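A.B. asks: What follows is structure.txt, made up of compact mmCIF, C-alpha atoms and all ligand atoms:
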# COMPACT_ATOMS: atom_id res chain seq x y z
CA MET A 102 35.65 -7.40 -37.88
CA ARG A 103 32.09 -6.20 -37.64
CA ARG A 104 31.57 -2.60 -36.66
CA ARG A 105 29.84 -3.48 -33.42
CA THR A 106 32.63 -5.85 -32.44
CA PHE A 107 35.18 -3.11 -32.92
CA LEU A 108 33.10 -0.59 -31.05
CA ILE A 109 32.45 -2.93 -28.16
CA GLY A 110 36.16 -3.46 -27.68
CA GLY A 111 37.16 0.09 -28.37
CA GLY A 112 34.48 1.74 -26.27
CA ALA A 113 35.00 -0.53 -23.33
CA LEU A 114 38.75 -0.10 -23.43
CA LEU A 115 38.33 3.65 -23.62
CA LEU A 116 36.21 3.64 -20.49
CA ALA A 117 38.49 1.17 -18.78
CA GLY A 118 41.45 3.39 -19.53
CA ALA A 119 39.60 6.28 -17.97
CA GLY A 120 39.07 4.21 -14.85
CA ALA A 121 35.37 3.64 -15.40
CA VAL A 122 33.57 0.49 -14.36
CA VAL A 123 33.20 -1.77 -17.34
CA TYR A 124 32.87 -5.46 -17.79
CA THR A 125 35.45 -7.32 -19.79
CA ARG A 126 33.83 -9.14 -22.66
CA ARG A 127 34.97 -11.94 -24.84
CA LYS A 128 35.55 -9.51 -27.68
CA ILE A 129 38.17 -7.71 -25.61
CA SER A 130 39.81 -10.76 -24.15
CA GLY A 131 40.09 -12.22 -27.63
CA GLY A 132 39.01 -15.37 -29.38
CA PRO A 133 35.62 -16.98 -29.65
CA PRO A 134 33.96 -18.10 -26.42
CA GLN A 135 34.58 -21.65 -25.25
CA ARG A 136 31.39 -23.73 -25.17
CA PRO A 137 30.70 -26.35 -22.51
CA PRO A 138 30.78 -29.78 -24.16
CA GLY A 139 27.37 -31.11 -25.09
CA ALA A 140 25.48 -27.94 -24.24
CA PRO A 141 22.83 -26.89 -26.78
CA ILE A 142 23.99 -23.90 -28.82
CA GLY A 143 21.19 -21.69 -30.09
CA PRO A 144 20.93 -19.31 -33.02
CA PHE A 145 20.93 -16.10 -30.96
CA GLY A 146 23.75 -13.79 -29.95
CA ALA A 147 24.82 -10.46 -28.48
CA GLU A 148 22.50 -8.40 -30.64
CA SER A 149 19.37 -10.52 -30.19
CA THR A 150 16.52 -8.96 -28.27
CA ALA A 151 14.24 -10.52 -25.67
CA GLU A 152 11.37 -10.35 -28.16
CA GLU A 153 13.44 -12.11 -30.80
CA VAL A 154 14.56 -14.98 -28.57
CA THR A 155 10.97 -15.64 -27.46
CA ALA A 156 9.30 -15.13 -30.84
CA GLY A 157 6.75 -17.83 -31.55
CA LEU A 158 6.62 -19.09 -27.96
CA ASP A 159 3.25 -19.38 -26.28
CA LEU A 160 3.74 -19.06 -22.53
CA ALA A 161 0.01 -19.04 -21.71
CA GLY A 162 -0.64 -21.06 -18.59
CA ARG A 163 2.87 -20.54 -17.28
CA THR A 164 3.94 -18.39 -14.36
CA ALA A 165 7.10 -16.35 -14.02
CA LEU A 166 8.39 -14.42 -11.02
CA VAL A 167 10.88 -11.65 -11.79
CA THR A 168 12.64 -9.86 -8.97
CA GLY A 169 13.51 -6.23 -9.56
CA GLY A 170 10.82 -6.11 -12.21
CA THR A 171 10.39 -2.38 -11.76
CA SER A 172 13.41 -1.13 -13.69
CA GLY A 173 15.93 -1.86 -16.41
CA LEU A 174 16.43 -5.50 -17.35
CA GLY A 175 13.81 -6.84 -14.94
CA LEU A 176 11.12 -4.57 -16.35
CA GLU A 177 11.96 -5.63 -19.91
CA THR A 178 12.13 -9.30 -18.91
CA SER A 179 8.72 -8.99 -17.26
CA ARG A 180 7.30 -7.19 -20.29
CA VAL A 181 8.43 -9.79 -22.78
CA LEU A 182 7.41 -12.81 -20.69
CA ALA A 183 3.97 -11.24 -20.21
CA LEU A 184 3.81 -10.38 -23.91
CA ARG A 185 4.29 -14.08 -24.67
CA GLY A 186 1.39 -14.99 -22.41
CA ALA A 187 2.98 -15.84 -19.06
CA HIS A 188 1.43 -14.65 -15.83
CA VAL A 189 4.26 -12.55 -14.43
CA LEU A 190 4.67 -11.89 -10.72
CA VAL A 191 6.56 -8.62 -10.70
CA THR A 192 8.40 -7.81 -7.51
CA GLY A 193 9.31 -4.31 -6.41
CA ARG A 194 10.86 -2.89 -3.28
CA THR A 195 7.48 -1.42 -2.44
CA LEU A 196 4.04 -2.51 -3.53
CA GLU A 197 3.54 0.91 -5.11
CA LYS A 198 6.60 0.48 -7.32
CA ALA A 199 5.52 -3.01 -8.32
CA LYS A 200 2.00 -1.77 -9.12
CA ALA A 201 3.37 1.12 -11.17
CA ALA A 202 5.53 -1.29 -13.19
CA CYS A 203 2.63 -3.68 -13.76
CA ALA A 204 0.51 -0.78 -15.01
CA THR A 205 2.97 -0.35 -17.90
CA LEU A 206 3.05 -4.03 -18.86
CA PRO A 207 0.93 -6.04 -21.25
CA GLY A 208 -0.91 -9.22 -20.33
CA ARG A 209 -1.41 -10.70 -16.90
CA THR A 210 0.83 -9.39 -14.13
CA THR A 211 0.67 -9.38 -10.34
CA PRO A 212 2.61 -6.87 -8.25
CA ILE A 213 4.42 -8.16 -5.18
CA GLU A 214 6.40 -6.33 -2.53
CA LEU A 215 9.86 -7.75 -1.94
CA GLU A 216 12.77 -5.88 -0.39
CA LEU A 217 15.83 -8.10 -0.59
CA GLU A 218 17.61 -6.40 2.27
CA ARG A 219 14.67 -7.09 4.59
CA TRP A 220 14.53 -10.82 4.72
CA ASP A 221 11.19 -10.80 6.52
CA THR A 222 9.68 -9.27 3.36
CA VAL A 223 11.38 -11.94 1.25
CA ALA A 224 9.80 -14.62 3.40
CA ALA A 225 6.45 -12.81 3.31
CA ALA A 226 6.59 -12.48 -0.49
CA ALA A 227 7.39 -16.18 -0.81
CA ASP A 228 4.51 -17.04 1.54
CA LEU A 229 2.16 -14.88 -0.53
CA VAL A 230 3.26 -16.64 -3.70
CA SER A 231 2.79 -19.98 -1.96
CA THR A 232 -0.78 -19.08 -1.06
CA LEU A 233 -1.42 -18.25 -4.71
CA GLY A 234 -0.60 -21.90 -5.16
CA MET A 235 0.42 -22.15 -8.79
CA PRO A 236 3.63 -23.85 -9.94
CA ILE A 237 6.39 -21.43 -10.88
CA ASP A 238 7.76 -22.17 -14.31
CA MET A 239 10.33 -19.37 -14.31
CA LEU A 240 11.97 -17.81 -11.27
CA VAL A 241 14.19 -15.00 -12.50
CA CYS A 242 16.46 -13.68 -9.74
CA ASN A 243 17.22 -10.37 -11.39
CA ALA A 244 17.22 -7.61 -8.78
CA GLY A 245 20.58 -6.25 -7.85
CA ILE A 246 22.73 -3.40 -6.61
CA MET A 247 26.24 -2.55 -7.68
CA ALA A 248 29.44 -1.07 -6.38
CA LEU A 249 28.24 0.71 -3.28
CA PRO A 250 30.92 3.37 -2.72
CA LYS A 251 31.30 2.67 1.00
CA LEU A 252 30.79 -0.39 3.12
CA GLU A 253 27.14 -0.85 4.02
CA GLN A 254 25.82 -3.80 5.94
CA VAL A 255 22.63 -5.78 6.37
CA GLY A 256 22.49 -7.82 9.54
CA GLY A 257 26.25 -7.41 9.94
CA LEU A 258 26.95 -8.67 6.40
CA GLU A 259 28.25 -6.71 3.42
CA LYS A 260 25.19 -5.36 1.63
CA GLN A 261 25.78 -6.54 -1.94
CA PHE A 262 26.30 -10.09 -0.70
CA ALA A 263 23.25 -9.78 1.53
CA VAL A 264 20.96 -8.32 -1.14
CA ASN A 265 22.17 -9.84 -4.39
CA HIS A 266 22.89 -13.30 -2.99
CA LEU A 267 21.31 -14.00 0.40
CA GLY A 268 17.96 -12.34 -0.34
CA HIS A 269 17.63 -14.45 -3.47
CA PHE A 270 18.91 -17.53 -1.64
CA ILE A 271 15.99 -17.24 0.79
CA LEU A 272 13.51 -16.63 -2.01
CA VAL A 273 14.72 -19.57 -4.09
CA ASN A 274 14.70 -21.96 -1.18
CA ARG A 275 11.21 -20.99 -0.09
CA LEU A 276 9.79 -21.17 -3.61
CA LEU A 277 11.63 -24.31 -4.65
CA PRO A 278 8.65 -26.62 -4.01
CA GLN A 279 6.62 -24.54 -6.48
CA VAL A 280 9.43 -24.49 -9.03
CA LYS A 281 9.70 -28.25 -8.74
CA ALA A 282 5.93 -28.56 -9.08
CA ALA A 283 6.06 -27.01 -12.56
CA PRO A 284 6.37 -29.42 -15.49
CA GLN A 285 9.82 -28.00 -16.12
CA GLY A 286 10.60 -25.23 -13.66
CA ARG A 287 13.60 -22.99 -14.19
CA VAL A 288 15.62 -20.82 -11.84
CA VAL A 289 17.58 -18.14 -13.67
CA ALA A 290 20.07 -16.05 -11.70
CA VAL A 291 21.09 -12.79 -13.29
CA SER A 292 24.77 -12.81 -12.45
CA SER A 293 27.40 -10.74 -14.26
CA ALA A 294 30.69 -11.08 -16.08
CA GLY A 295 31.81 -8.97 -13.12
CA TYR A 296 32.17 -12.27 -11.22
CA ARG A 297 35.77 -12.00 -12.42
CA TRP A 298 36.26 -9.12 -9.98
CA ALA A 299 35.58 -11.35 -6.97
CA PRO A 300 38.44 -11.87 -4.50
CA PRO A 301 41.10 -14.46 -5.40
CA ALA A 302 39.42 -16.98 -3.08
CA GLY A 303 36.10 -16.36 -4.83
CA ILE A 304 34.05 -15.94 -1.67
CA GLU A 305 35.81 -14.38 1.33
CA PHE A 306 34.13 -16.44 4.01
CA ASP A 307 36.25 -14.73 6.65
CA ASN A 308 35.16 -11.28 5.43
CA LEU A 309 31.44 -11.54 4.72
CA SER A 310 30.98 -8.50 6.95
CA GLY A 311 33.29 -6.52 4.65
CA GLU A 312 35.03 -5.13 7.71
CA ARG A 313 38.35 -6.78 6.90
CA GLY A 314 38.59 -4.89 3.63
CA TYR A 315 35.97 -3.34 1.36
CA GLU A 316 36.34 -2.57 -2.32
CA PRO A 317 33.15 -1.79 -4.26
CA ASN A 318 33.75 -3.79 -7.44
CA LYS A 319 35.37 -6.69 -5.62
CA MET A 320 32.36 -7.07 -3.37
CA TYR A 321 29.95 -6.69 -6.29
CA GLY A 322 31.96 -9.38 -8.08
CA GLN A 323 31.74 -11.63 -5.04
CA SER A 324 27.96 -11.22 -4.91
CA LYS A 325 27.60 -11.96 -8.64
CA LEU A 326 29.86 -14.99 -8.31
CA ALA A 327 27.58 -16.09 -5.46
CA ASN A 328 24.57 -15.80 -7.80
CA GLY A 329 26.25 -18.19 -10.21
CA LEU A 330 27.46 -20.58 -7.51
CA MET A 331 23.94 -20.74 -6.08
CA THR A 332 22.60 -22.04 -9.39
CA LEU A 333 25.58 -24.39 -9.78
CA GLU A 334 24.87 -26.09 -6.46
CA LEU A 335 21.11 -25.95 -6.96
CA ALA A 336 21.52 -27.61 -10.36
CA ARG A 337 23.56 -30.39 -8.76
CA ARG A 338 20.90 -30.93 -6.10
CA LEU A 339 18.05 -30.93 -8.62
CA GLY A 340 19.89 -33.41 -10.79
CA ALA A 341 20.67 -35.68 -7.85
CA GLU A 342 17.03 -35.91 -6.86
CA GLY A 343 15.85 -36.49 -10.43
CA SER A 344 13.85 -33.27 -10.65
CA SER A 345 12.93 -31.86 -14.04
CA ALA A 346 13.71 -28.38 -12.73
CA THR A 347 16.85 -26.56 -13.85
CA ALA A 348 19.02 -23.70 -12.61
CA ASN A 349 21.40 -21.57 -14.65
CA ALA A 350 23.16 -18.22 -14.42
CA VAL A 351 23.39 -15.44 -17.00
CA HIS A 352 25.40 -12.34 -17.75
CA PRO A 353 23.03 -9.94 -19.52
CA GLY A 354 25.71 -7.85 -21.20
CA VAL A 355 26.60 -4.25 -20.44
CA VAL A 356 23.49 -2.08 -20.42
CA ASN A 357 22.94 1.51 -19.38
CA THR A 358 20.34 1.06 -16.64
CA ASN A 359 19.90 2.45 -13.15
CA LEU A 360 22.43 -0.09 -11.89
CA GLY A 361 25.11 2.57 -12.08
CA ARG A 362 23.25 4.84 -9.68
CA HIS A 363 26.18 4.75 -7.24
CA PHE A 364 28.77 5.67 -9.85
CA PRO A 365 30.25 9.17 -9.74
CA ALA A 366 28.53 11.69 -11.99
CA TRP A 367 31.31 11.62 -14.61
CA LYS A 368 31.01 7.88 -15.06
CA ARG A 369 27.25 8.12 -15.48
CA ALA A 370 27.75 10.92 -18.00
CA ALA A 371 30.30 8.80 -19.91
CA GLY A 372 27.83 5.93 -20.02
CA LYS A 373 25.15 8.24 -21.32
CA TRP A 374 27.23 9.88 -24.02
CA ILE A 375 29.48 7.10 -25.32
CA GLY A 376 27.78 4.05 -23.87
CA TRP A 377 25.99 3.44 -27.17
CA THR A 378 29.32 2.49 -28.70
CA PHE A 379 29.68 -0.64 -26.62
CA MET A 380 26.56 -1.23 -24.55
CA LYS A 381 23.55 -3.34 -25.35
CA SER A 382 20.07 -1.88 -25.38
CA VAL A 383 17.72 -2.95 -22.59
CA HIS A 384 15.89 -5.08 -25.18
CA GLN A 385 19.15 -6.91 -25.94
CA GLY A 386 20.17 -7.02 -22.28
CA ALA A 387 17.03 -8.92 -21.28
CA ALA A 388 17.48 -11.47 -24.08
CA THR A 389 19.74 -13.94 -22.30
CA SER A 390 17.49 -14.11 -19.21
CA CYS A 391 14.40 -14.58 -21.37
CA TYR A 392 16.13 -17.18 -23.53
CA VAL A 393 17.38 -19.24 -20.61
CA ALA A 394 13.98 -18.97 -18.91
CA THR A 395 12.01 -20.15 -21.92
CA ALA A 396 13.99 -21.87 -24.70
CA PRO A 397 12.60 -25.37 -25.28
CA ALA A 398 16.11 -26.52 -26.26
CA LEU A 399 17.30 -25.86 -22.70
CA ALA A 400 14.77 -28.11 -20.94
CA GLN A 401 17.53 -30.34 -19.61
CA THR A 402 20.34 -27.81 -19.35
CA ARG A 403 21.41 -26.97 -15.83
CA GLY A 404 24.38 -25.63 -13.94
CA LEU A 405 25.71 -23.51 -16.82
CA TYR A 406 26.69 -19.87 -17.20
CA PHE A 407 25.37 -17.97 -20.23
CA GLU A 408 26.48 -14.87 -22.09
CA ASP A 409 24.94 -13.49 -25.28
CA CYS A 410 22.21 -16.16 -25.28
CA ASN A 411 24.56 -19.13 -25.21
CA PRO A 412 26.44 -21.12 -22.59
CA VAL A 413 30.10 -20.30 -22.14
CA VAL A 414 32.90 -21.90 -20.19
CA PRO A 415 33.61 -19.49 -17.33
CA ALA A 416 36.97 -17.76 -17.00
CA PRO A 417 39.61 -20.16 -15.65
CA GLY A 418 40.51 -19.72 -12.00
CA LYS A 419 37.63 -17.35 -11.32
CA HIS A 420 35.49 -19.94 -9.53
CA MET A 421 32.25 -19.71 -11.52
CA ASP A 422 32.45 -23.47 -12.14
CA ASP A 423 33.91 -24.32 -8.72
CA THR A 424 31.55 -27.02 -7.45
CA ALA A 425 33.28 -27.36 -4.07
CA LEU A 426 33.01 -23.62 -3.46
CA ALA A 427 29.37 -23.71 -4.56
CA ALA A 428 28.57 -26.45 -2.04
CA ARG A 429 30.36 -24.57 0.72
CA LEU A 430 28.59 -21.31 -0.11
CA TRP A 431 25.22 -23.08 -0.03
CA SER A 432 25.96 -24.53 3.39
CA VAL A 433 27.28 -21.23 4.80
CA SER A 434 24.31 -19.34 3.35
CA GLU A 435 21.88 -21.78 4.98
CA GLY A 436 23.53 -21.08 8.29
CA LEU A 437 23.41 -17.31 7.83
CA VAL A 438 19.70 -17.09 7.00
CA LYS A 439 18.34 -20.23 8.64
CA GLU A 440 15.60 -18.40 10.51
CA TYR A 441 14.15 -17.19 7.18
CA LEU A 442 14.18 -20.54 5.43
CA ALA A 443 10.92 -22.42 5.46
N1 LIG A 501 23.08 -3.28 -16.46
C1 LIG A 501 24.20 -4.01 -16.66
O1 LIG A 501 25.12 -3.61 -17.42
C2 LIG A 501 24.36 -5.31 -15.97
C3 LIG A 501 25.49 -6.10 -16.26
C4 LIG A 501 25.66 -7.30 -15.61
C5 LIG A 501 24.72 -7.73 -14.70
N2 LIG A 501 23.63 -6.96 -14.43
C6 LIG A 501 22.66 -7.44 -13.43
O2 LIG A 501 21.36 -7.29 -13.95
C7 LIG A 501 20.43 -7.19 -12.88
C8 LIG A 501 19.42 -6.10 -13.19
O3 LIG A 501 20.11 -4.86 -13.15
P1 LIG A 501 19.69 -3.61 -14.04
O4 LIG A 501 20.85 -3.30 -14.89
O5 LIG A 501 18.37 -3.79 -14.66
O6 LIG A 501 19.64 -2.46 -12.91
P2 LIG A 501 18.44 -1.54 -12.38
O7 LIG A 501 17.81 -0.81 -13.49
O8 LIG A 501 19.04 -0.76 -11.27
O9 LIG A 501 17.39 -2.57 -11.80
C9 LIG A 501 17.64 -3.26 -10.59
C10 LIG A 501 16.34 -3.69 -9.97
O10 LIG A 501 16.63 -4.31 -8.72
C11 LIG A 501 15.84 -3.68 -7.72
N3 LIG A 501 16.48 -3.70 -6.42
C12 LIG A 501 17.60 -3.04 -6.05
N4 LIG A 501 17.84 -3.25 -4.75
C13 LIG A 501 16.85 -4.05 -4.30
C14 LIG A 501 16.52 -4.58 -3.04
N5 LIG A 501 17.25 -4.33 -1.95
N6 LIG A 501 15.42 -5.35 -2.93
C15 LIG A 501 14.66 -5.60 -4.01
N7 LIG A 501 14.90 -5.10 -5.23
C16 LIG A 501 15.99 -4.34 -5.36
C17 LIG A 501 15.67 -2.27 -8.21
O11 LIG A 501 14.59 -1.62 -7.55
P3 LIG A 501 14.68 -0.01 -7.31
O12 LIG A 501 14.84 0.60 -8.67
O13 LIG A 501 13.39 0.31 -6.65
O14 LIG A 501 15.87 0.24 -6.44
C18 LIG A 501 15.40 -2.53 -9.68
O15 LIG A 501 14.07 -2.93 -9.88
C19 LIG A 501 21.26 -6.96 -11.62
O16 LIG A 501 21.30 -8.16 -10.87
C20 LIG A 501 22.64 -6.66 -12.15
O17 LIG A 501 23.67 -7.08 -11.27
C21 LIG A 501 23.41 -5.77 -15.04
Would you encode the structure as structure tokens?
Ligand SMILES: NC(=O)c1ccc[n+]([C@@H]2O[C@H](COP(=O)([O-])OP(=O)(O)OC[C@H]3O[C@@H](n4cnc5c(N)ncnc54)[C@H](OP(=O)(O)O)[C@@H]3O)[C@@H](O)[C@H]2O)c1

C.D. replies:
Amino acid sequence: MRRRTFLIGGGALLLAGAGAVVYTRRKISGGPPQRPPGAPIGPFGAESTAEEVTAGLDLAGRTALVTGGTSGLGLETSRVLALRGAHVLVTGRTLEKAKAACATLPGRTTPIELELERWDTVAAAADLVSTLGMPIDMLVCNAGIMALPKLEQVGGLEKQFAVNHLGHFILVNRLLPQVKAAPQGRVVAVSSAGYRWAPPAGIEFDNLSGERGYEPNKMYGQSKLANGLMTLELARRLGAEGSSATANAVHPGVVNTNLGRHFPAWKRAAGKWIGWTFMKSVHQGAATSCYVATAPALAQTRGLYFEDCNPVVPAPGKHMDDTALAARLWSVSEGLVKEYLA
């Protein structure tokens, strides 16, 4: 057993035993990951960095949009895509934050204001991008919030579902014509292995408000499952219409970013002091998103869920590959945000 493998399992179990929020990983659950039949398997893995998985690629002339590009994985994803020559549209919750992030990045970047809990700003951001007119080769739905301690709502809906899923659902739908206009456009949803924490039904359609029971990780899991189901249904639709565009979901790995801002102080301290034993670096955490957004080998791969830079068969019974649920979620989501869809 390699040292890192041992540490990943041991460190995560230690935190789990202490009640901390950790993601289960294949190294804990045992056995090698199952691969979807026929899916291209690449040479990269858990320790690969975003720079490594994009080495040698020339993305000049291509455009990427990265939500939540102001921090953590989104900032690193934006940096590496720009480093490889892409024009990166970096979204931030305020224009100032997006500008500040762009100022730290190499290459060609454009700051855009996009606040996922204010769907009018999502629509406005999409309209702005539409007026820019270029095809979007990579749409990386990365922004997210996690495990809000108490129930918060947006428009009467539980906030993690509203921000992580519905905000991106609006954005993706409005920008889809530009993604489809690219020679081979890609939608990448940054989901999480935390989809396993979703309720037994997967999506609690009778509790989207959260008022019939709120549990922070469960609702985060539901929102991350929704990210994956969105790409599953989108992939089906793109395939049915013969589009060259693709849609896939990724788990970045466990990374010590600002995502844990709502954790109690002791959990954040634990992450800081022993997180190195089992967490990826930000450079490694952005690798799977960058790989799925750019790898030439994945030009025809859609509707899959990736971990550690390769597709994996999702956990049985946890709905990540539930096509019927994905279709229902798409339809319900359309109804919930119809006034913001183009
Ligand atoms: N880190 C991990 O271990 C891990 C594991 C699995 C999945 N993920 C997923 O990875 C993605 C990136 O997370 P991260 O770890 O990089 O966390 P992060 O450092 O907190 O970055 C999250 C980004 O999303 C933005 N954001 C938050 N709420 C938003 C809103 N309402 N509207 C628009 N933007 C918003 C944040 O902006 P502000 O900073 O201005 O709030 C920030 O730019 C998330 O979707 C997360 O679920 C992370």

A.B. asks: What is the atom CA of Pro236 of chain A-atom CA of Leu215 of chain A distance in Å, reported with one decimal?

C.D. replies: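 Taking atom CA of Pro236 of chain A as the start and atom CA of Leu215 of chain A as the end point, the length is 19.0 Å.
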
A.B. asks: Identify which of the residues A:Gly234, A:Gly354, A:Pro207, A:Pro397 lies closest to ligand LIG 501 (chain A), counting all atoms listed in the file when measuring atom-to-atom distances.

C.D. replies: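 Closest candidate: A:Gly354.
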
A.B. asks: Can you list every residue of chain A that has an atom at most 6 Å from ligand LIG 501 (chain A), with its nearest atom pair and the distance in Å to one decimal, using all atoms listed in the file, ordered by chain then number, as CSV?

C.D. replies:
residue,atom,partner,partner_atom,distance
A:Gly169,CA,A:LIG501,O15,3.4
A:Gly170,CA,A:LIG501,O15,5.1
A:Thr171,CA,A:LIG501,O15,4.2
A:Ser172,CA,A:LIG501,O15,4.3
A:Gly173,CA,A:LIG501,O5,3.6
A:Leu174,CA,A:LIG501,O5,3.7
A:Gly175,CA,A:LIG501,O5,5.5
A:Gly193,CA,A:LIG501,N7,5.8
A:Arg194,CA,A:LIG501,C15,4.7
A:Leu215,CA,A:LIG501,C15,5.7
A:Glu216,CA,A:LIG501,N6,3.7
A:Leu217,CA,A:LIG501,N6,3.6
A:Glu218,CA,A:LIG501,N5,4.7
A:Asn243,CA,A:LIG501,O16,4.7
A:Ala244,CA,A:LIG501,O10,3.4
A:Gly245,CA,A:LIG501,O16,3.6
A:Ile246,CA,A:LIG501,C12,5.2
A:Val264,CA,A:LIG501,N5,5.5
A:Val291,CA,A:LIG501,O16,5.2
A:Ser292,CA,A:LIG501,C5,5.6
A:Ser293,CA,A:LIG501,C5,4.1
A:His352,CA,A:LIG501,C4,5.5
A:Pro353,CA,A:LIG501,C4,5.4
A:Gly354,CA,A:LIG501,C3,5.2
A:Val355,CA,A:LIG501,O1,3.4
A:Val356,CA,A:LIG501,O1,3.7
A:Asn357,CA,A:LIG501,N1,5.6
A:Thr358,CA,A:LIG501,O7,4.5
A:Asn359,CA,A:LIG501,O8,3.8
A:Leu360,CA,A:LIG501,O8,3.5

A.B. asks: Just checking: using only C-alpha atoms, which residue out of A:Ala165, A:Leu405, A:Val413, A:Ala202 ends up closest to Arg337 of chain A?

C.D. replies: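 Closest to Arg337 of chain A, using only C-alpha atoms: A:Leu405.
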
A.B. asks: List the neighbours of Gly139 of chain A out to 12 Å using all atoms listed in the file; skip same-chain residues closer than 6 positions along the sequence, and give me the result as a list in words.

C.D. replies: Leu399, Gln401, Thr402, Arg403, Leu405, Pro412, Val413 and Val414 of chain A

A.B. asks: Name the closest residue to Met320 of chain A among the candidates A:His269, A:Val351, A:Leu258, A:Leu333; distances are taken between atoms, counting all atoms listed in the file.

C.D. replies: A:Leu258

A.B. asks: Go through A:Ala299, A:Gly404, A:Trp220, A:Thr395 and flag the residue nearest Gly340 of chain A, using only C-alpha atoms for the distances.

C.D. replies: A:Gly404

A.B. asks: Taking into account all atoms listed in the file, which residue in the set A:Tyr441, A:Leu182, A:His420, A:Ala398 is nearest to Ile142 of chain A?

C.D. replies: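 Ranked by minimum distance to Ile142 of chain A, first place goes to A:Ala398.
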